[in-house]
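Visitor: Provided herewith is a single structure, encoded as structure tokens, for subsequent inquiry.
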Amino acid sequence: MATLLDLKSIHKSYGAVQALNGVSLTVREGEVLAICGDNGAGKSTLIKIVSGAEAATSGQVFLRGKEVHFASPADALACGVATIYQDLALAPRLQVYQNIFMGAELTRATFIPFLRILDKKKMSQAAADYLGRLNIEIKDMKAPVASLSGGQRQAVAISRALRWQASLVIMDEPTAALGVRETAQVLDLIRQLHDQAVTIIIISHNMEDVVAVATRIVILKNGLKLGECLTENLTAAELSRMIALGDLGDRNIIRQTAVE
């Protein structure tokens with residue numbers, strides 16, 4: 001698989017606190033990469049740098065082989081990198097189609113020159129199409145997001161990323177606080193994206209979810225990358241031991257313990 005995102009020796013410090021210490025990793029097109037580690041490992045900091053929410057103290061970020069410097073999440077989104085945080089950043093009182101097209105509304109001409117109005121019908125139809133790509137049916141595109149289930153809300157957030165033609169979707173704790181049924185629905189959404197060749201990075205503390213959908217796992221600890229492994233024949237219990245002990249054993253396919 002071709003390389004989509006390449007991080008080289010990423011450092012991030014907050015005063016005397018070193019959150020990331022020379023982390024390098026590659027994200028390949030079409031894969032589901034999980035970034036795991038204990039609290040304070042540096043996972044969220046790394047994602048904030050990739051998503052444009054924060055800048056690295058030093059290091060380089062390459063997207064499709066070209067070095068990029070995202071000034072903001074909007075800047076990253078314009079380049080096809082969408083981040084879906086745990087709170088989903090949805091507007092609960094707005095309707096389904098309004099959330100999907102937020103910031104990219106469709107308009108149509110009127111009889112008055114130079115006056116355009118929102119094309120609500122076209123946005124509703126397109127919103128249903130985006131959800132259909134995920135095998136999610138919401139009968140009323142005018143329903144407020146607050147009335148949807150957790151799994152449906154996640155689908156709306158993903159559809160918004162698809163609307164922006166994101167080639168890389170980052171999902172931060174996508175199944176947190178969801179029940180068993182809704183968790184299964186979100187995992188199916190991730191599989192649907194994977195089947196459509198969308199590249200995905202997930203951060204999750206749920207090891208069962210990680211081994212269920214990820215194709216590869218990168219483990220961080222104290223701002224360092226311990227290594228990475230494939231998920232083939234990997235159990236959640238084994239992954240939990242790796243993280244707790246800080247040792248991937250024979251499963252480690254790339255080792256990085258020294259500061260670059």
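Ordering of the structure tokens sets the chain letters (A, B, ...), residue numbers begin anew at 1 in every chain, and ligands are numbered from 1 in the order given.
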Would you list the contacts of Gly59 of chain A as a list in words, taking every protein, DNA or RNA residue within 7 Å and counting only C-alpha atoms, but skipping same-chain residues closer than 2 positions in sequence?

Guide: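 Result of the neighbour search: Lys8, Ser9, Ile10, His11 and Ala56 of chain A.
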
Visitor: How would the residues just chosen look if you wrote them out with N, CA and C atoms as a PDB file, in the first residue's frame?

Guide:
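Listing of result-v1.pdb after writing:
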```
ATOM      1  N   LYS A   8       7.750  12.202  10.913  1.00  0.00           N
ATOM      2  CA  LYS A   8       9.174  11.980  11.125  1.00  0.00           C
ATOM      3  C   LYS A   8       9.664  12.747  12.353  1.00  0.00           C
ATOM      4  N   SER A   9      10.091  12.003  13.356  1.00  0.00           N
ATOM      5  CA  SER A   9      10.724  12.542  14.564  1.00  0.00           C
ATOM      6  C   SER A   9       9.936  13.704  15.162  1.00  0.00           C
ATOM      7  N   ILE A  10       8.675  13.421  15.508  1.00  0.00           N
ATOM      8  CA  ILE A  10       7.812  14.455  16.067  1.00  0.00           C
ATOM      9  C   ILE A  10       8.108  14.653  17.559  1.00  0.00           C
ATOM     10  N   HIS A  11       8.447  15.874  17.912  1.00  0.00           N
ATOM     11  CA  HIS A  11       8.649  16.259  19.303  1.00  0.00           C
ATOM     12  C   HIS A  11       7.592  17.296  19.667  1.00  0.00           C
ATOM     13  N   ALA A  56       3.771  20.926  16.119  1.00  0.00           N
ATOM     14  CA  ALA A  56       4.866  20.192  16.754  1.00  0.00           C
ATOM     15  C   ALA A  56       5.982  21.160  17.137  1.00  0.00           C
TER      16      ALA A  56
END
```

Visitor: Would you pick out the contacts of Lys122 of chain A at 12 Å or less, using only C-alpha atoms, so that residues sharing its chain but fewer than 2 positions from it are not included, and give the list as a PyMOL selection string?

Guide: chain A and resi 97-98+101+105-108+117-120+124-129+141

Visitor: Let's have the selection written as a CSV table (one decimal), in the first residue's frame, with C-alpha atoms.

Guide:
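Written file, selection-v7.csv:
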```csv
chain,number,residue,atom,x,y,z
A,97,TYR,CA,-28.7,17.4,6.9
A,98,GLN,CA,-27.7,20.8,8.4
A,101,PHE,CA,-23.4,20.3,5.4
A,105,GLU,CA,-24.1,24.5,2.5
A,106,LEU,CA,-25.6,24.1,-1.0
A,107,THR,CA,-27.5,27.0,-2.5
A,108,ARG,CA,-29.6,27.6,-5.6
A,117,ILE,CA,-31.0,30.7,-1.1
A,118,LEU,CA,-30.2,27.4,0.7
A,119,ASP,CA,-31.1,24.3,-1.4
A,120,LYS,CA,-32.6,22.3,1.5
A,124,SER,CA,-31.4,16.4,2.4
A,125,GLN,CA,-31.1,14.1,-0.6
A,126,ALA,CA,-27.3,14.2,-0.5
A,127,ALA,CA,-27.2,13.7,3.2
A,128,ALA,CA,-29.3,10.5,2.8
A,129,ASP,CA,-26.8,9.4,0.1
A,141,MET,CA,-33.2,14.2,7.4
```

Visitor: Near Ser159 of chain A, counting only C-alpha atoms, which residues have an atom at most 9 Å away, once you skip same-chain residues fewer than 2 positions from it, shown as a list in words?

Guide: Ile100, Ala127, Tyr130, Leu131, Arg133, Leu134, Gln154, Ala155, Val156, Ala157, Ala161, Leu162, Arg163 and Trp164 of chain A

Visitor: How would the residues just picked look written out with N, CA and C atoms as a CSV table (one decimal), in the first residue's frame?

Guide:
```csv
chain,number,residue,atom,x,y,z
A,100,ILE,N,-24.5,17.7,8.5
A,100,ILE,CA,-23.6,17.1,7.5
A,100,ILE,C,-23.1,18.2,6.6
A,127,ALA,N,-27.5,14.2,1.9
A,127,ALA,CA,-27.2,13.7,3.2
A,127,ALA,C,-27.6,12.2,3.4
A,130,TYR,N,-25.0,10.1,1.6
A,130,TYR,CA,-23.8,9.9,2.4
A,130,TYR,C,-24.0,8.8,3.5
A,131,LEU,N,-25.2,8.9,4.2
A,131,LEU,CA,-25.5,7.9,5.2
A,131,LEU,C,-25.7,6.6,4.6
A,133,ARG,N,-24.1,5.3,2.1
A,133,ARG,CA,-22.8,4.7,1.9
A,133,ARG,C,-22.3,3.9,3.1
A,134,LEU,N,-22.8,4.3,4.3
A,134,LEU,CA,-22.5,3.7,5.5
A,134,LEU,C,-23.5,2.6,6.0
A,154,GLN,N,-22.7,9.2,15.4
A,154,GLN,CA,-21.4,8.9,14.8
A,154,GLN,C,-21.4,8.8,13.3
A,155,ALA,N,-22.5,8.2,12.8
A,155,ALA,CA,-22.7,8.2,11.3
A,155,ALA,C,-22.8,9.5,10.7
A,156,VAL,N,-23.5,10.4,11.4
A,156,VAL,CA,-23.7,11.8,10.9
A,156,VAL,C,-22.3,12.5,10.8
A,157,ALA,N,-21.5,12.3,11.9
A,157,ALA,CA,-20.2,12.9,11.9
A,157,ALA,C,-19.3,12.4,10.8
A,161,ALA,N,-17.6,14.1,7.3
A,161,ALA,CA,-16.2,14.0,6.8
A,161,ALA,C,-16.2,13.5,5.3
A,162,LEU,N,-17.1,12.6,5.0
A,162,LEU,CA,-17.2,12.2,3.6
A,162,LEU,C,-17.7,13.4,2.7
A,163,ARG,N,-18.5,14.2,3.2
A,163,ARG,CA,-18.9,15.4,2.5
A,163,ARG,C,-17.7,16.3,2.1
A,164,TRP,N,-16.8,16.4,3.0
A,164,TRP,CA,-15.6,17.1,2.7
A,164,TRP,C,-14.5,16.3,1.9
```

Visitor: Produce a table with one row for each residue of segment 114-231 of chain A that has an atom at most 6 Å from any atom of segment 82-94 of chain A, each row naming the nearest atom pair and its distance in Å at one decimal; use only C-alpha atoms; arrange rows by chain and rising residue number; format as a tab-separated table.

Guide:
```
residue	atom	partner	partner_atom	distance
A:Pro144	CA	A:Leu94	CA	5.3
A:Val145	CA	A:Pro92	CA	4.7
A:Ala146	CA	A:Pro92	CA	4.5
A:Ala161	CA	A:Ala82	CA	5.9
A:Ala166	CA	A:Ala82	CA	5.9
A:Val169	CA	A:Ala82	CA	4.9
A:Ile170	CA	A:Thr83	CA	4.6
A:Met171	CA	A:Ile84	CA	4.9
A:Asp172	CA	A:Tyr85	CA	4.9
A:Glu173	CA	A:Gln86	CA	5.5
```

Visitor: Write out, as a compact mmCIF listing (two decimals), in the first residue's frame, the residues just selected, with C-alpha atoms.

Guide:
```txt
# COMPACT_ATOMS: atom_id res chain seq x y z
CA PRO A 144 -32.68 17.11 15.16
CA VAL A 145 -29.43 15.28 15.88
CA ALA A 146 -30.38 15.27 19.57
CA ALA A 161 -16.18 13.97 6.78
CA ALA A 166 -11.71 13.30 3.50
CA VAL A 169 -10.48 10.09 9.00
CA ILE A 170 -9.18 10.26 12.58
CA MET A 171 -11.57 8.91 15.23
CA ASP A 172 -10.91 9.70 18.88
CA GLU A 173 -12.54 7.14 21.22
```

Visitor: Counting only C-alpha atoms, which residues in segment 144-194 of chain A sit no more than 9 Å from segment 24-41 of chain A? For each one, give the nearest pair of atoms and the distance in Å, sorted by chain then residue number, as JSON lines.

Guide:
```
{"residue": "A:Ser167", "atom": "CA", "partner": "A:Glu29", "partner_atom": "CA", "distance": 8.5}
{"residue": "A:Leu168", "atom": "CA", "partner": "A:Glu29", "partner_atom": "CA", "distance": 8.4}
{"residue": "A:Ile190", "atom": "CA", "partner": "A:Val32", "partner_atom": "CA", "distance": 8.4}
{"residue": "A:Arg191", "atom": "CA", "partner": "A:Val32", "partner_atom": "CA", "distance": 8.9}
{"residue": "A:Leu193", "atom": "CA", "partner": "A:Gly30", "partner_atom": "CA", "distance": 8.9}
{"residue": "A:His194", "atom": "CA", "partner": "A:Gly30", "partner_atom": "CA", "distance": 6.3}
```

Visitor: Any chance you could list, as an mmCIF file with N, CA and C atoms, in the first residue's frame, the residues in segment 32-165 of chain A that come up helix (DSSP H, G or I) when DSSP is run on the backbone?

Guide:
```cif
data_model
loop_
_atom_site.group_PDB
_atom_site.id
_atom_site.type_symbol
_atom_site.label_atom_id
_atom_site.label_comp_id
_atom_site.auth_asym_id
_atom_site.auth_seq_id
_atom_site.Cartn_x
_atom_site.Cartn_y
_atom_site.Cartn_z
ATOM 1 N N LYS A 43 -0.856 9.996 22.850
ATOM 2 C CA LYS A 43 -1.765 9.703 21.741
ATOM 3 C C LYS A 43 -2.525 10.948 21.283
ATOM 4 N N SER A 44 -3.182 11.598 22.238
ATOM 5 C CA SER A 44 -3.993 12.768 21.888
ATOM 6 C C SER A 44 -3.139 13.906 21.349
ATOM 7 N N THR A 45 -1.957 14.079 21.919
ATOM 8 C CA THR A 45 -1.060 15.135 21.437
ATOM 9 C C THR A 45 -0.667 14.879 19.990
ATOM 10 N N LEU A 46 -0.369 13.626 19.676
ATOM 11 C CA LEU A 46 0.028 13.280 18.315
ATOM 12 C C LEU A 46 -1.109 13.566 17.332
ATOM 13 N N ILE A 47 -2.326 13.202 17.735
ATOM 14 C CA ILE A 47 -3.482 13.422 16.867
ATOM 15 C C ILE A 47 -3.755 14.912 16.681
ATOM 16 N N LYS A 48 -3.569 15.697 17.726
ATOM 17 C CA LYS A 48 -3.772 17.141 17.611
ATOM 18 C C LYS A 48 -2.806 17.747 16.596
ATOM 19 N N ILE A 49 -1.593 17.211 16.548
ATOM 20 C CA ILE A 49 -0.609 17.710 15.577
ATOM 21 C C ILE A 49 -1.018 17.324 14.160
ATOM 22 N N VAL A 50 -1.451 16.081 13.982
ATOM 23 C CA VAL A 50 -1.873 15.624 12.648
ATOM 24 C C VAL A 50 -3.105 16.391 12.177
ATOM 25 N N SER A 51 -4.013 16.702 13.109
ATOM 26 C CA SER A 51 -5.274 17.352 12.738
ATOM 27 C C SER A 51 -5.162 18.863 12.607
ATOM 28 N N PRO A 73 -7.414 23.011 12.257
ATOM 29 C CA PRO A 73 -8.179 21.854 11.781
ATOM 30 C C PRO A 73 -8.865 22.104 10.445
ATOM 31 N N ALA A 74 -9.299 23.347 10.214
ATOM 32 C CA ALA A 74 -9.922 23.674 8.926
ATOM 33 C C ALA A 74 -8.916 23.551 7.795
ATOM 34 N N ASP A 75 -7.686 23.913 8.071
ATOM 35 C CA ASP A 75 -6.611 23.788 7.089
ATOM 36 C C ASP A 75 -6.367 22.326 6.760
ATOM 37 N N ALA A 76 -6.347 21.471 7.806
ATOM 38 C CA ALA A 76 -6.163 20.036 7.598
ATOM 39 C C ALA A 76 -7.335 19.439 6.835
ATOM 40 N N LEU A 77 -8.556 19.879 7.178
ATOM 41 C CA LEU A 77 -9.751 19.366 6.508
ATOM 42 C C LEU A 77 -9.737 19.698 5.025
ATOM 43 N N ALA A 78 -9.255 20.877 4.695
ATOM 44 C CA ALA A 78 -9.167 21.283 3.293
ATOM 45 C C ALA A 78 -8.203 20.394 2.515
ATOM 46 N N VAL A 96 -30.361 16.821 10.755
ATOM 47 C CA VAL A 96 -29.333 15.892 10.271
ATOM 48 C C VAL A 96 -28.597 16.490 9.075
ATOM 49 N N TYR A 97 -29.341 16.908 8.070
ATOM 50 C CA TYR A 97 -28.680 17.418 6.857
ATOM 51 C C TYR A 97 -27.906 18.694 7.138
ATOM 52 N N GLN A 98 -28.387 19.509 8.091
ATOM 53 C CA GLN A 98 -27.688 20.751 8.435
ATOM 54 C C GLN A 98 -26.321 20.453 9.065
ATOM 55 N N ASN A 99 -26.254 19.404 9.872
ATOM 56 C CA ASN A 99 -24.985 19.026 10.477
ATOM 57 C C ASN A 99 -24.010 18.498 9.440
ATOM 58 N N ILE A 100 -24.494 17.717 8.503
ATOM 59 C CA ILE A 100 -23.619 17.136 7.486
ATOM 60 C C ILE A 100 -23.054 18.216 6.568
ATOM 61 N N LYS A 120 -32.336 23.253 0.435
ATOM 62 C CA LYS A 120 -32.586 22.288 1.497
ATOM 63 C C LYS A 120 -32.906 20.896 0.942
ATOM 64 N N LYS A 121 -33.646 20.863 -0.160
ATOM 65 C CA LYS A 121 -34.020 19.574 -0.756
ATOM 66 C C LYS A 121 -32.791 18.820 -1.243
ATOM 67 N N LYS A 122 -31.906 19.525 -1.932
ATOM 68 C CA LYS A 122 -30.701 18.882 -2.469
ATOM 69 C C LYS A 122 -29.795 18.422 -1.338
ATOM 70 N N MET A 123 -29.669 19.226 -0.283
ATOM 71 C CA MET A 123 -28.827 18.825 0.846
ATOM 72 C C MET A 123 -29.415 17.620 1.565
ATOM 73 N N SER A 124 -30.736 17.579 1.698
ATOM 74 C CA SER A 124 -31.379 16.433 2.354
ATOM 75 C C SER A 124 -31.145 15.151 1.563
ATOM 76 N N GLN A 125 -31.286 15.235 0.239
ATOM 77 C CA GLN A 125 -31.066 14.061 -0.606
ATOM 78 C C GLN A 125 -29.610 13.606 -0.541
ATOM 79 N N ALA A 126 -28.684 14.562 -0.595
ATOM 80 C CA ALA A 126 -27.265 14.217 -0.546
ATOM 81 C C ALA A 126 -26.883 13.650 0.817
ATOM 82 N N ALA A 127 -27.465 14.190 1.887
ATOM 83 C CA ALA A 127 -27.185 13.686 3.230
ATOM 84 C C ALA A 127 -27.614 12.227 3.354
ATOM 85 N N ALA A 128 -28.780 11.905 2.796
ATOM 86 C CA ALA A 128 -29.257 10.518 2.814
ATOM 87 C C ALA A 128 -28.315 9.611 2.024
ATOM 88 N N ASP A 129 -27.758 10.130 0.927
ATOM 89 C CA ASP A 129 -26.816 9.352 0.117
ATOM 90 C C ASP A 129 -25.527 9.068 0.893
ATOM 91 N N TYR A 130 -25.009 10.069 1.607
ATOM 92 C CA TYR A 130 -23.796 9.859 2.397
ATOM 93 C C TYR A 130 -24.033 8.822 3.487
ATOM 94 N N LEU A 131 -25.159 8.909 4.158
ATOM 95 C CA LEU A 131 -25.495 7.930 5.187
ATOM 96 C C LEU A 131 -25.705 6.556 4.571
ATOM 97 N N GLY A 132 -26.264 6.524 3.352
ATOM 98 C CA GLY A 132 -26.458 5.256 2.665
ATOM 99 C C GLY A 132 -25.155 4.544 2.366
ATOM 100 N N ARG A 133 -24.091 5.314 2.121
ATOM 101 C CA ARG A 133 -22.777 4.707 1.899
ATOM 102 C C ARG A 133 -22.310 3.943 3.121
ATOM 103 N N VAL A 145 -30.434 16.282 15.533
ATOM 104 C CA VAL A 145 -29.428 15.283 15.882
ATOM 105 C C VAL A 145 -29.621 14.792 17.317
ATOM 106 N N ALA A 146 -30.163 15.646 18.175
ATOM 107 C CA ALA A 146 -30.383 15.265 19.571
ATOM 108 C C ALA A 146 -31.311 14.066 19.706
ATOM 109 N N SER A 147 -32.136 13.814 18.684
ATOM 110 C CA SER A 147 -33.090 12.706 18.748
ATOM 111 C C SER A 147 -32.482 11.378 18.284
ATOM 112 N N GLY A 150 -26.594 7.069 19.674
ATOM 113 C CA GLY A 150 -25.161 7.332 19.626
ATOM 114 C C GLY A 150 -24.517 6.851 18.336
ATOM 115 N N GLY A 151 -24.936 5.682 17.864
ATOM 116 C CA GLY A 151 -24.393 5.161 16.619
ATOM 117 C C GLY A 151 -24.784 6.004 15.422
ATOM 118 N N GLN A 152 -26.026 6.484 15.419
ATOM 119 C CA GLN A 152 -26.488 7.343 14.330
ATOM 120 C C GLN A 152 -25.746 8.680 14.335
ATOM 121 N N ARG A 153 -25.483 9.201 15.497
ATOM 122 C CA ARG A 153 -24.736 10.465 15.583
ATOM 123 C C ARG A 153 -23.321 10.293 15.035
ATOM 124 N N GLN A 154 -22.705 9.164 15.361
ATOM 125 C CA GLN A 154 -21.372 8.894 14.825
ATOM 126 C C GLN A 154 -21.429 8.831 13.303
ATOM 127 N N ALA A 155 -22.500 8.238 12.755
ATOM 128 C CA ALA A 155 -22.665 8.151 11.304
ATOM 129 C C ALA A 155 -22.814 9.531 10.689
ATOM 130 N N VAL A 156 -23.510 10.436 11.376
ATOM 131 C CA VAL A 156 -23.663 11.806 10.876
ATOM 132 C C VAL A 156 -22.303 12.504 10.840
ATOM 133 N N ALA A 157 -21.502 12.310 11.899
ATOM 134 C CA ALA A 157 -20.169 12.923 11.941
ATOM 135 C C ALA A 157 -19.276 12.373 10.830
ATOM 136 N N ILE A 158 -19.366 11.070 10.578
ATOM 137 C CA ILE A 158 -18.572 10.464 9.502
ATOM 138 C C ILE A 158 -19.053 10.971 8.147
ATOM 139 N N SER A 159 -20.365 11.089 7.980
ATOM 140 C CA SER A 159 -20.915 11.587 6.716
ATOM 141 C C SER A 159 -20.436 13.000 6.431
ATOM 142 N N ARG A 160 -20.292 13.804 7.476
ATOM 143 C CA ARG A 160 -19.771 15.158 7.284
ATOM 144 C C ARG A 160 -18.335 15.101 6.760
ATOM 145 N N ALA A 161 -17.550 14.146 7.278
ATOM 146 C CA ALA A 161 -16.181 13.971 6.778
ATOM 147 C C ALA A 161 -16.195 13.529 5.322
ATOM 148 N N LEU A 162 -17.127 12.648 4.968
ATOM 149 C CA LEU A 162 -17.243 12.212 3.573
ATOM 150 C C LEU A 162 -17.653 13.373 2.682
ATOM 151 N N ARG A 163 -18.508 14.240 3.215
ATOM 152 C CA ARG A 163 -18.937 15.413 2.452
ATOM 153 C C ARG A 163 -17.723 16.280 2.088
#
```

Visitor: Could you list, as a PyMOL selection string, every residue within 9 Å of segment 239-245 of chain A, counting only C-alpha atoms and ignoring same-chain residues fewer than 3 positions away?

Guide: chain A and resi 36-38+207+211+219-221+234-236+248-249

Visitor: Any idea what the distance is between atom CA of Ile138 of chain A and atom CA of Thr199 of chain A?

Guide: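 Spanning atom CA of Ile138 of chain A to atom CA of Thr199 of chain A is a straight-line distance of 24.9 Å.
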
Visitor: Between A:Thr57, A:Thr110, A:Asn252, A:Ser204, which one has atoms that come closest to Gly227 of chain A, using only C-alpha atoms?

Guide: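 Ranking A:Thr57, A:Thr110, A:Asn252, A:Ser204 by distance to Gly227 of chain A, first place goes to A:Asn252.
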
Visitor: As number ranges by chain, which residues of segment 61-142 of chain A does DSSP assign to strand (DSSP E)?

Guide: A: 61-63, 66-67, 81-84, 107-109, 116-118

Visitor: Which value, in Å to one decimal, gives the distance between atom CA of Asp247 of chain A and atom CA of Leu226 of chain A?

Guide: 7.4 Å

Visitor: From the set A:Ile203, A:Leu187, A:Gly246, A:Ala214, which residue has the shortest atom-to-atom contact distance to Thr231 of chain A, counting only C-alpha atoms?

Guide: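 Under the stated criterion, the closest residue is A:Ala214.
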
Visitor: Rank A:Thr3, A:Asn222, A:Gln192, A:Asn135 by their smallest atom-to-atom distance to Arg64 of chain A, using only C-alpha atoms, and report the top residue only.

Guide: A:Thr3

Visitor: Let me make sure I understand: among A:Val198, A:Ala71, A:Val213, A:Val23, which one has the smallest atom-to-atom distance to Thr183 of chain A if we use only C-alpha atoms?

Guide: A:Val213

Visitor: Any idea what the distance is between atom CA of Leu178 of chain A and atom CA of Ile200 of chain A?

Guide: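 Separation between atom CA of Leu178 of chain A and atom CA of Ile200 of chain A: 19.9 Å.
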
Visitor: Using only C-alpha atoms, find the one residue out of A:Glu54, A:Asp140, A:Glu67, A:Glu238 that sits nearest to Gln95 of chain A.

Guide: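 Distance minimum relative to Gln95 of chain A lands on A:Asp140.
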